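S.K.: Structure incoming, see below.
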Amino acid sequence: KQWYQRRVAITAGTPGWLEPLLEPIAKDRTAVTMPSLDVINWETLEYSGADTIWVIGGVNWLMNMLWAPIPKREKERRQKEDPYPITANLRTASMAGGLFAMNREYFKELGEYDEGMGVWGGENMELSFRVWMCGGSMHFV
């Protein structure tokens, strides 16, 4: 029970959260965006905003999603596109399965969520692979 109490997810949008999430999708209907995650202290519910994104989604050889440091090539690509802020619109190899924005028609083209998936936790990798294989891209904003 104590483990669960420390990991209860609380999701809330802060002012100005929606526009950066939707802009890449408006430019490219196959873009999938994920917000950076701020921290809410589980004991005090004190909010502390994230100044930057320190990691992106990755995949290990067991096909598990993991958080990986931002590769140098991605930092350099992003710096050339827009020197400030360096952490906006970072490409990522995998995504969270339930915390993203995507064009509705593209989501349907990808096959939506797999209704046959009986357990939580695989949708992130499944959707990531579908986006890759269908020419899309994933971004932290």
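Identifiers for the structure tokens are assigned positionally: chains receive A, B, ... in sequence, residues are indexed from 1 per chain, and ligands are indexed from 1 in the order shown.
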Considering only C-alpha atoms, return as a list in words whatever protein or nucleic-acid residues lie within 8 Å of Gly97 in chain A, sequence-local ones (same chain, fewer than 5 positions apart) excluded.

M.R.: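 Once the adjacent positions are removed, what remains is Gly121, Gly122, Glu123, Asn124, Met125 and Leu127 of chain A.
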
S.K.: For the residues in the current selection, export N, CA and C atoms as a compact mmCIF listing (two decimals), in the first residue's frame.

M.R.:
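The resulting file, out-v2.txt, is shown below:
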```txt
# COMPACT_ATOMS: atom_id res chain seq x y z
N GLY A 121 0.69 -1.37 -19.91
CA GLY A 121 2.13 -1.24 -20.02
C GLY A 121 2.71 -1.52 -21.39
N GLY A 122 1.99 -2.17 -22.27
CA GLY A 122 2.53 -2.46 -23.59
C GLY A 122 2.14 -1.45 -24.65
N GLU A 123 1.13 -0.65 -24.35
CA GLU A 123 0.62 0.28 -25.35
C GLU A 123 1.65 1.33 -25.75
N ASN A 124 2.55 1.68 -24.84
CA ASN A 124 3.56 2.67 -25.17
C ASN A 124 4.48 2.16 -26.28
N MET A 125 4.95 0.94 -26.17
CA MET A 125 5.84 0.39 -27.19
C MET A 125 5.07 0.11 -28.48
N LEU A 127 2.34 1.57 -29.70
CA LEU A 127 2.08 2.82 -30.43
C LEU A 127 3.36 3.43 -30.99
```

S.K.: For range 100-103 of chain A, work out the shell of residues within 8 Å, counting only C-alpha atoms and skipping chain neighbours fewer than 2 positions away, then give it as number ranges by chain.

M.R.: A: 21-22, 25, 29-35, 95-98, 105-107

S.K.: Those residues you just picked out, can you put them in a file as a compact mmCIF listing (two decimals), in the first residue's frame with N, CA, C and O atoms?

M.R.:
```txt
# COMPACT_ATOMS: atom_id res chain seq x y z
N LEU A 21 1.75 21.83 -27.52
CA LEU A 21 1.45 20.42 -27.78
C LEU A 21 0.82 20.24 -29.16
O LEU A 21 1.08 19.25 -29.85
N LEU A 22 0.01 21.20 -29.58
CA LEU A 22 -0.73 21.08 -30.84
C LEU A 22 0.01 21.64 -32.06
O LEU A 22 -0.26 21.21 -33.19
N ILE A 25 1.60 19.17 -34.52
CA ILE A 25 0.56 18.36 -35.17
C ILE A 25 -0.12 19.18 -36.27
O ILE A 25 -0.45 18.64 -37.33
N ARG A 29 0.52 16.20 -39.69
CA ARG A 29 -0.52 15.38 -39.08
C ARG A 29 0.00 14.06 -38.52
O ARG A 29 -0.67 13.39 -37.75
N THR A 30 1.23 13.66 -38.88
CA THR A 30 1.79 12.41 -38.36
C THR A 30 2.70 12.64 -37.15
O THR A 30 3.32 11.70 -36.67
N ALA A 31 2.76 13.87 -36.68
CA ALA A 31 3.55 14.17 -35.47
C ALA A 31 2.74 13.75 -34.24
O ALA A 31 1.54 13.96 -34.17
N VAL A 32 3.43 13.16 -33.29
CA VAL A 32 2.84 12.79 -32.00
C VAL A 32 3.63 13.56 -30.95
O VAL A 32 4.86 13.52 -30.95
N THR A 33 2.94 14.27 -30.08
CA THR A 33 3.64 15.09 -29.09
C THR A 33 3.30 14.63 -27.67
O THR A 33 2.22 14.13 -27.40
N MET A 34 4.28 14.80 -26.80
CA MET A 34 4.12 14.49 -25.38
C MET A 34 4.60 15.68 -24.58
O MET A 34 5.60 16.29 -24.93
N PRO A 35 3.87 16.03 -23.53
CA PRO A 35 4.31 17.17 -22.72
C PRO A 35 5.47 16.79 -21.81
O PRO A 35 5.64 15.63 -21.44
N MET A 95 7.30 6.60 -26.63
CA MET A 95 6.37 7.52 -26.01
C MET A 95 5.58 6.84 -24.91
O MET A 95 5.46 5.62 -24.90
N ALA A 96 5.04 7.64 -24.02
CA ALA A 96 4.11 7.11 -23.03
C ALA A 96 2.83 6.73 -23.76
O ALA A 96 2.42 7.40 -24.70
N GLY A 97 2.20 5.67 -23.35
CA GLY A 97 1.03 5.17 -24.06
C GLY A 97 -0.27 5.88 -23.75
O GLY A 97 -1.27 5.63 -24.41
N GLY A 98 -0.29 6.77 -22.80
CA GLY A 98 -1.54 7.42 -22.46
C GLY A 98 -1.43 8.91 -22.24
O GLY A 98 -2.38 9.54 -21.82
N GLU A 105 -7.47 11.37 -36.90
CA GLU A 105 -7.52 10.51 -38.09
C GLU A 105 -6.26 9.66 -38.20
O GLU A 105 -6.33 8.49 -38.59
N TYR A 106 -5.12 10.23 -37.86
CA TYR A 106 -3.87 9.46 -37.89
C TYR A 106 -3.92 8.34 -36.83
O TYR A 106 -3.51 7.22 -37.10
N PHE A 107 -4.46 8.64 -35.67
CA PHE A 107 -4.61 7.63 -34.61
C PHE A 107 -5.48 6.47 -35.12
O PHE A 107 -5.17 5.30 -34.91
```

S.K.: Quick one: residues within 9 Å of range 62-74 of chain A, only C-alpha atoms, excluding same-chain residues fewer than 2 positions away - as a ChimeraX atom specification?

M.R.: /A:53-60,76-79,90-92,94-96,122,124-125

S.K.: What does the distance from CA of Trp132 in chain A to CA of Glu109 in chain A come to in Å, to one decimal?

M.R.: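 One can read the CA of Trp132 in chain A to CA of Glu109 in chain A distance as 13.1 Å.
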
S.K.: Which one is closest to Glu112 in chain A: A:Leu45, A:Ile40, A:Val131, A:Met138? Count only C-alpha atoms.

M.R.: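 So, comparing all the options, the nearest one is A:Val131.
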
S.K.: List every residue of range 14-112 of chain A that DSSP, applied to the backbone, labels as strand (DSSP E or B), and write the result as a list in words.

M.R.: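 Strand (DSSP E or B) members of range 14-112 of chain A, listed: Ala31, Val32, Thr33, Met34, Val39, Ile40, Tyr47, Ser48, Val55, Ile56, Gly57, Gly58, Val59, Met65, Leu66, Trp67, Ala68, Pro69, Leu90, Arg91, Ala101 and Met102 of chain A.
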
S.K.: Output C-alpha atoms of each residue in that selection to a file, as a PDB file, in the first residue's frame.

M.R.:
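Resulting contents of result-v2.pdb:
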```pdb
ATOM      1  CA  ALA A  31       3.554  14.167 -35.468  1.00  0.00           C
ATOM      2  CA  VAL A  32       2.843  12.793 -32.003  1.00  0.00           C
ATOM      3  CA  THR A  33       3.636  15.088 -29.092  1.00  0.00           C
ATOM      4  CA  MET A  34       4.122  14.489 -25.385  1.00  0.00           C
ATOM      5  CA  VAL A  39       6.674  17.325 -10.438  1.00  0.00           C
ATOM      6  CA  ILE A  40       4.042  17.327  -7.718  1.00  0.00           C
ATOM      7  CA  TYR A  47       4.076  21.828  -7.471  1.00  0.00           C
ATOM      8  CA  SER A  48       7.470  22.440  -9.038  1.00  0.00           C
ATOM      9  CA  VAL A  55      15.615  12.630 -20.887  1.00  0.00           C
ATOM     10  CA  ILE A  56      13.797  11.196 -23.889  1.00  0.00           C
ATOM     11  CA  GLY A  57      12.084   7.855 -24.402  1.00  0.00           C
ATOM     12  CA  GLY A  58      14.211   4.900 -25.412  1.00  0.00           C
ATOM     13  CA  VAL A  59      13.976   1.149 -25.844  1.00  0.00           C
ATOM     14  CA  MET A  65      10.485   1.605 -22.642  1.00  0.00           C
ATOM     15  CA  LEU A  66      13.085   3.482 -20.642  1.00  0.00           C
ATOM     16  CA  TRP A  67      14.180   7.043 -20.083  1.00  0.00           C
ATOM     17  CA  ALA A  68      17.510   7.846 -21.728  1.00  0.00           C
ATOM     18  CA  PRO A  69      19.736  10.943 -21.733  1.00  0.00           C
ATOM     19  CA  LEU A  90      12.890  17.018 -28.912  1.00  0.00           C
ATOM     20  CA  ARG A  91      12.506  13.898 -31.024  1.00  0.00           C
ATOM     21  CA  ALA A 101      -1.493  14.331 -28.443  1.00  0.00           C
ATOM     22  CA  MET A 102      -2.091  13.026 -31.947  1.00  0.00           C
TER      23      MET A 102
END
```
